[in-house]
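With TSV, C-alpha atoms inside, this is target33.tsv:
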chain	number	residue	atom	x	y	z
X	124	MET	CA	0.00	0.00	0.00
X	125	TRP	CA	2.72	2.47	0.98
X	126	SER	CA	4.70	1.61	-2.15
X	127	ARG	CA	1.68	2.31	-4.36
X	128	LEU	CA	1.12	5.64	-2.66
X	129	GLN	CA	4.75	6.61	-3.20
X	130	SER	CA	4.56	5.65	-6.88
X	131	ALA	CA	1.37	7.64	-7.36
X	132	TRP	CA	2.89	10.66	-5.64
X	133	ALA	CA	6.02	10.41	-7.83
X	134	ARG	CA	3.90	10.24	-10.99
X	135	ARG	CA	1.90	13.31	-9.98
X	136	ARG	CA	5.06	15.23	-9.15
X	137	GLU	CA	6.59	14.32	-12.52
X	138	ALA	CA	3.43	15.28	-14.40
X	139	ARG	CA	3.41	18.65	-12.61
X	140	ALA	CA	7.08	19.24	-13.52
X	141	LEU	CA	6.42	18.32	-17.16
X	142	ARG	CA	3.54	20.80	-17.35
X	143	ARG	CA	5.49	23.61	-15.71
X	144	HIS	CA	8.57	23.06	-17.88
X	145	ALA	CA	6.92	22.07	-21.14
X	146	ILE	CA	9.22	22.80	-24.10
X	147	PRO	CA	7.59	24.83	-26.90
X	148	ASP	CA	7.63	23.10	-30.28
X	149	GLU	CA	9.45	25.97	-31.98
X	150	LEU	CA	12.24	25.98	-29.39
X	151	TRP	CA	12.59	22.19	-29.54
X	152	GLN	CA	12.88	22.22	-33.33
X	153	LEU	CA	15.45	25.02	-33.14
X	154	THR	CA	17.55	22.90	-30.78
X	155	LEU	CA	17.39	19.90	-33.11
X	156	LEU	CA	18.49	22.09	-36.02
X	157	ARG	CA	21.42	23.44	-34.00
X	158	TYR	CA	22.60	19.95	-33.00
X	159	PRO	CA	21.92	17.54	-35.91
X	160	PHE	CA	23.23	14.51	-34.00
X	161	LEU	CA	20.16	14.90	-31.78
X	162	ALA	CA	17.77	15.16	-34.72
X	163	GLN	CA	19.08	11.91	-36.18
X	164	ARG	CA	17.63	9.87	-33.32
X	165	SER	CA	14.43	7.84	-33.68
X	166	PRO	CA	11.04	9.44	-32.93
X	167	ALA	CA	10.80	7.36	-29.75
X	168	ASP	CA	14.24	8.51	-28.59
X	169	LEU	CA	13.38	12.14	-29.34
X	170	ALA	CA	10.14	11.91	-27.39
X	171	GLU	CA	12.00	10.51	-24.37
X	172	LEU	CA	14.80	13.05	-24.77
X	173	ARG	CA	12.26	15.87	-24.75
X	174	ARG	CA	10.61	14.45	-21.62
X	175	LEU	CA	13.94	14.09	-19.80
X	176	SER	CA	14.97	17.60	-20.87
X	177	SER	CA	11.86	19.04	-19.23
X	178	LEU	CA	12.57	17.13	-16.02
X	179	PHE	CA	16.22	18.21	-16.15
X	180	LEU	CA	15.19	21.86	-16.44
X	181	ALA	CA	12.83	21.37	-13.50
X	182	SER	CA	15.57	19.95	-11.27
X	183	LYS	CA	18.63	22.06	-12.12
X	184	GLU	CA	19.42	25.71	-11.38
X	185	PHE	CA	21.18	27.78	-14.03
X	186	HIS	CA	23.25	30.81	-13.06
X	187	GLY	CA	24.65	33.31	-15.57
X	188	VAL	CA	27.96	34.97	-14.66
X	189	GLY	CA	28.43	38.67	-15.25
X	190	ASP	CA	26.11	40.02	-17.94
X	191	PHE	CA	25.40	36.61	-19.45
X	192	ILE	CA	21.68	35.80	-19.48
X	193	VAL	CA	20.64	32.15	-19.43
X	194	SER	CA	17.74	32.25	-21.88
X	195	ASP	CA	15.37	29.35	-22.57
X	196	GLU	CA	17.40	28.68	-25.71
X	197	VAL	CA	20.63	28.38	-23.73
X	198	ALA	CA	19.13	26.21	-21.00
X	199	LEU	CA	17.53	23.80	-23.47
X	200	ALA	CA	20.73	23.52	-25.51
X	201	VAL	CA	22.46	22.27	-22.37
X	202	ALA	CA	19.58	20.12	-21.16
X	203	ALA	CA	19.01	18.24	-24.43
X	204	GLN	CA	22.67	17.35	-24.86
X	205	ALA	CA	23.13	16.49	-21.18
X	206	CYS	CA	20.16	14.11	-21.23
X	207	LEU	CA	21.36	12.17	-24.28
X	208	PRO	CA	23.91	10.01	-22.38
X	209	VAL	CA	21.32	9.09	-19.72
X	210	LEU	CA	18.49	8.49	-22.18
X	211	LYS	CA	18.24	4.86	-21.03
X	212	LEU	CA	19.93	5.21	-17.64
X	213	GLY	CA	17.70	7.89	-16.11
X	214	LEU	CA	18.26	11.35	-14.63
X	215	SER	CA	19.23	9.91	-11.25
X	216	TRP	CA	22.78	9.74	-12.59
X	217	TYR	CA	22.85	13.54	-12.23
X	218	ASP	CA	21.45	13.70	-8.71
X	219	SER	CA	24.83	14.66	-7.22
X	220	PHE	CA	24.54	18.34	-8.18
X	221	VAL	CA	22.00	21.07	-8.86
X	222	GLY	CA	23.85	24.17	-10.04
X	223	ILE	CA	25.01	24.89	-13.60
X	224	VAL	CA	27.13	28.02	-13.97
X	225	MET	CA	27.15	29.58	-17.43
X	226	HIS	CA	29.84	31.95	-18.71
X	227	ALA	CA	29.68	33.79	-22.02
X	228	ASP	CA	33.21	32.81	-23.05
X	229	GLU	CA	36.17	30.72	-21.91
X	230	VAL	CA	37.32	31.06	-18.31
X	231	LEU	CA	40.91	31.42	-17.14
X	232	ALA	CA	41.43	29.22	-14.09
X	233	GLN	CA	44.44	29.48	-11.80
X	234	ARG	CA	46.26	26.13	-11.54
X	235	GLU	CA	49.35	24.84	-9.81
X	236	TYR	CA	51.29	21.60	-9.66
X	237	MET	CA	54.38	20.29	-7.92
X	238	ASP	CA	57.15	18.79	-10.04
X	239	GLU	CA	59.44	15.89	-9.13
X	240	ASP	CA	61.83	18.25	-7.34
X	241	GLY	CA	59.08	19.61	-5.10
X	242	ILE	CA	58.89	22.96	-6.89
X	243	VAL	CA	55.37	24.40	-7.21
X	244	HIS	CA	54.49	25.85	-10.62
X	245	GLN	CA	51.55	28.15	-11.20
X	246	PHE	CA	49.80	28.71	-14.52
X	247	GLU	CA	46.52	29.73	-16.12
X	248	GLU	CA	44.30	27.26	-17.94
X	249	ALA	CA	41.58	28.28	-20.40
X	250	LEU	CA	38.40	26.29	-19.70
X	251	ALA	CA	35.36	25.67	-21.89
X	252	GLY	CA	33.73	23.70	-19.10
X	253	GLU	CA	34.47	21.94	-15.84
X	254	ALA	CA	32.72	19.29	-13.77
X	255	MET	CA	33.46	18.97	-10.08
X	256	GLU	CA	32.31	16.22	-7.73
X	257	GLY	CA	29.16	17.44	-6.03
X	258	GLY	CA	28.92	20.38	-8.44
X	259	PRO	CA	28.36	22.96	-9.56
X	260	LEU	CA	29.09	22.28	-13.22
X	261	MET	CA	30.54	25.09	-15.32
X	262	LEU	CA	30.00	25.64	-19.06
X	263	THR	CA	30.73	28.44	-21.51
X	264	TRP	CA	28.13	29.38	-24.08
X	265	THR	CA	30.75	29.94	-26.80
X	266	ALA	CA	31.73	26.28	-26.54
X	267	VAL	CA	28.18	24.96	-26.10
X	268	ASN	CA	26.99	26.90	-29.13
X	269	HIS	CA	29.71	25.38	-31.31
X	270	SER	CA	29.63	21.83	-30.00
X	271	ASP	CA	28.26	20.40	-33.22
X	272	PRO	CA	30.53	21.23	-36.20
X	273	ALA	CA	28.60	22.43	-39.24
X	274	ASP	CA	30.80	20.28	-41.48
X	275	LEU	CA	31.74	17.15	-39.53
X	276	ALA	CA	34.12	15.78	-42.18
X	277	ALA	CA	36.22	18.96	-42.11
X	278	ASN	CA	36.65	18.68	-38.35
X	279	LEU	CA	37.58	15.02	-37.95
X	280	ASP	CA	41.32	15.73	-38.09
X	281	ALA	CA	41.07	17.76	-34.88
X	282	GLY	CA	38.83	15.26	-33.12
X	283	ILE	CA	35.18	15.55	-32.12
X	284	PHE	CA	34.35	18.31	-29.63
X	285	ASN	CA	31.21	18.60	-27.52
X	286	VAL	CA	31.69	20.32	-24.19
X	287	VAL	CA	28.28	19.45	-22.71
X	288	ILE	CA	28.56	15.72	-23.32
X	289	HIS	CA	32.19	15.83	-22.18
X	290	GLU	CA	31.46	17.40	-18.82
X	291	PHE	CA	28.40	15.29	-18.15
X	292	ALA	CA	30.45	12.20	-18.98
X	293	HIS	CA	32.71	13.27	-16.11
X	294	VAL	CA	29.63	13.54	-13.87
X	295	ILE	CA	28.71	9.97	-14.77
X	296	ASP	CA	32.29	8.84	-14.17
X	297	MET	CA	32.40	10.53	-10.76
X	298	ARG	CA	29.13	9.09	-9.50
X	299	ASP	CA	31.11	6.65	-7.33
X	300	GLY	CA	33.33	9.47	-6.04
X	301	PHE	CA	36.25	8.82	-8.39
X	302	ALA	CA	37.19	10.23	-11.79
X	303	ASP	CA	38.94	7.16	-13.16
X	304	GLY	CA	37.34	6.49	-16.53
X	305	ALA	CA	35.15	3.76	-15.05
X	306	PRO	CA	31.57	4.68	-14.11
X	307	PRO	CA	30.03	2.71	-11.23
X	308	MET	CA	28.71	-0.74	-12.13
X	309	ALA	CA	26.67	-3.17	-10.09
X	310	GLU	CA	28.57	-6.30	-11.13
X	311	ALA	CA	32.26	-6.81	-10.39
X	312	ALA	CA	32.73	-8.85	-13.57
X	313	ALA	CA	31.36	-6.02	-15.69
X	314	ARG	CA	33.74	-3.57	-14.05
X	315	GLU	CA	36.73	-5.86	-14.63
X	316	ARG	CA	35.84	-6.22	-18.28
X	317	TRP	CA	35.40	-2.44	-18.53
X	318	LEU	CA	38.81	-1.76	-17.03
X	319	ASP	CA	40.52	-4.31	-19.29
X	320	VAL	CA	39.01	-2.91	-22.48
X	321	MET	CA	39.31	0.76	-21.51
X	322	GLU	CA	42.95	0.49	-20.46
X	323	ALA	CA	43.91	-1.36	-23.65
X	324	GLN	CA	42.03	1.12	-25.83
X	325	TRP	CA	43.59	4.08	-24.05
X	326	GLN	CA	47.12	2.73	-24.39
X	327	SER	CA	46.56	2.12	-28.10
X	328	PHE	CA	45.09	5.59	-28.49
X	329	CYS	CA	48.08	7.22	-26.75
X	330	LEU	CA	50.43	5.46	-29.16
X	331	ARG	CA	48.46	6.80	-32.11
X	332	VAL	CA	48.47	10.33	-30.73
X	333	ASP	CA	52.21	10.16	-29.98
X	334	ALA	CA	52.78	9.00	-33.57
X	335	GLY	CA	50.94	12.05	-34.89
X	336	GLU	CA	48.02	10.11	-36.35
X	337	ASP	CA	44.67	11.80	-36.94
X	338	THR	CA	42.02	10.46	-34.60
X	339	LEU	CA	38.25	10.86	-34.47
X	340	ILE	CA	38.47	11.00	-30.69
X	341	ASP	CA	39.94	14.27	-29.41
X	342	PRO	CA	43.72	13.86	-28.82
X	343	TYR	CA	43.15	15.47	-25.42
X	344	GLY	CA	42.12	12.00	-24.32
X	345	ALA	CA	45.80	11.03	-24.14
X	346	GLU	CA	46.10	13.18	-21.00
X	347	SER	CA	44.56	10.51	-18.74
X	348	VAL	CA	42.17	7.59	-18.86
X	349	GLU	CA	39.38	9.68	-17.32
X	350	GLU	CA	39.75	12.29	-20.07
X	351	PHE	CA	39.87	9.48	-22.62
X	352	PHE	CA	36.52	8.24	-21.33
X	353	ALA	CA	34.98	11.72	-21.63
X	354	VAL	CA	36.20	12.40	-25.18
X	355	ALA	CA	35.25	8.86	-26.25
X	356	VAL	CA	31.70	9.52	-25.01
X	357	GLU	CA	31.67	12.72	-27.08
X	358	ALA	CA	32.53	10.80	-30.24
X	359	PHE	CA	30.11	7.99	-29.39
X	360	PHE	CA	27.13	10.35	-29.38
X	361	VAL	CA	28.19	13.00	-31.92
X	362	ALA	CA	29.76	10.80	-34.62
X	363	PRO	CA	28.64	7.25	-33.80
X	364	ARG	CA	29.01	5.73	-37.27
X	365	GLU	CA	32.53	7.04	-37.67
X	366	MET	CA	33.44	5.86	-34.18
X	367	ARG	CA	32.03	2.38	-34.73
X	368	GLN	CA	34.22	2.09	-37.80
X	369	GLU	CA	37.40	3.49	-36.22
X	370	GLU	CA	37.06	2.12	-32.67
X	371	PRO	CA	34.72	-0.92	-32.79
X	372	ALA	CA	35.77	-2.41	-29.42
X	373	LEU	CA	35.40	0.92	-27.61
X	374	TYR	CA	32.11	1.61	-29.36
X	375	ALA	CA	30.76	-1.78	-28.23
X	376	LEU	CA	31.86	-1.10	-24.64
X	377	LEU	CA	30.10	2.27	-24.51
X	378	SER	CA	27.04	0.91	-26.29
X	379	GLY	CA	26.66	-1.76	-23.63
X	380	PHE	CA	26.98	0.69	-20.74
X	381	PHE	CA	24.73	3.43	-22.12
X	382	GLN	CA	22.25	0.86	-23.50
X	383	GLN	CA	22.22	2.74	-26.80
X	384	ASP	CA	23.37	2.04	-30.35
X	385	PRO	CA	23.33	5.49	-31.98
X	386	ALA	CA	25.08	4.23	-35.12
X	387	ALA	CA	22.23	1.83	-35.88

Show the structure stored in the file as structure tokens.
Amino acid sequence: MWSRLQSAWARRREARALRRHAIPDELWQLTLLRYPFLAQRSPADLAELRRLSSLFLASKEFHGVGDFIVSDEVALAVAAQACLPVLKLGLSWYDSFVGIVMHADEVLAQREYMDEDGIVHQFEEALAGEAMEGGPLMLTWTAVNHSDPADLAANLDAGIFNVVIHEFAHVIDMRDGFADGAPPMAEAAARERWLDVMEAQWQSFCLRVDAGEDTLIDPYGAESVEEFFAVAVEAFFVAPREMRQEEPALYALLSGFFQQDPAA
């Protein structure tokens, strides 16, 4: 009895959120035009993506920095792309944070590291986005607005770039508290298989990058296995057919985890 009451209450709450954050048809079509990799999904996927986007907008808080105004267009551009990776997994994967901070352009962050001799070096790093455990998540509109190249073929040499999917891939990775290129999995055997495949694919990728080869996956992935996971997820959703051809084992691994086959 109590379980049925909870389910009924959850359904009513969701229905109320969907009504309050209904996405106008014109705005939804504009978003699909801006990001063609979204428009290529099946009608069923698009209907679910639209539903999840409304629920995402109902549960997250956007904050514009400086004079930047987070319009409905901006918020939906983020929401639709963020919801694509969890289309089959559910929005609970993003429960760890609420705030999304939007900047107009790239942000210069102060960084420091200690070298092998114990000397601390300070430097500035230009950021298009950043995900932190527990949030908030930071994005820049300049990068979000150019996350889907107008001519994909002309951009393959530099690797696929999609800042929203990249940063939300980090959120998925960090759900267990660690950014290690391995999202949490219920079964130990599945995690072991993941680690074996991911490590082998990353090592092979690093060799290709070091050799100066052109790669579909952003060469930035050679920085670490967690960055490799994030840029691989970008390619998986933005250029799935090309990725399946270039990285079939990695494509199969991601397809199994995300329960999606976007190249089909």

Neighbour residues at most 12 Å from (19.6, 32.0, -20.8) (all atoms listed in the file) as a ChimeraX atom specification: /X:180,184-188,190-202,223-227,263-264

Residues within 8 Å of (39.8, 14.2, -24.9), file coords, only C-alpha atoms, listed as a PyMOL selection string: chain X and resi 340-346+350-355

Selection: 12 Å around Arg157 (chain X), only C-alpha atoms, excl. self and same-chain fewer than 4 positions, as a PyMOL selection string: chain X and resi 150-153+161-163+196-197+199-201+203-204+267-273

Residues of region 192-231 of chain X within 7 Å of region 250-256 of chain X: nearest atom pair and distance (Å, one decimal) for each, counting all atoms listed in the file, sorted by chain and number, as a tab-separated table?
residue	atom	partner	partner_atom	distance
X:Glu229	CA	X:Ala251	CA	5.1
X:Val230	CA	X:Leu250	CA	5.1
X:Leu231	CA	X:Leu250	CA	6.3

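Of the listed residues X:Val221, X:Ile283, X:Ala205, X:Leu210, the one whose atoms come nearest to Leu169 (chain X) is X:Leu210, with distances taken using only C-alpha atoms.
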
Surrounding residues of Gln383 (chain X) excluding itself and chain neighbours under 4 positions, 9 Å, all atoms listed in the file, as a PyMOL selection string: chain X and resi 208+210-211+377-379

Interatomic distance, CA of Ala387 (chain X) to CA of Pro371 (chain X) (Å, one decimal): 13.2 Å

CA of Phe381 (chain X) to CA of Leu212 (chain X), straight-line distance in Å: 6.8 Å
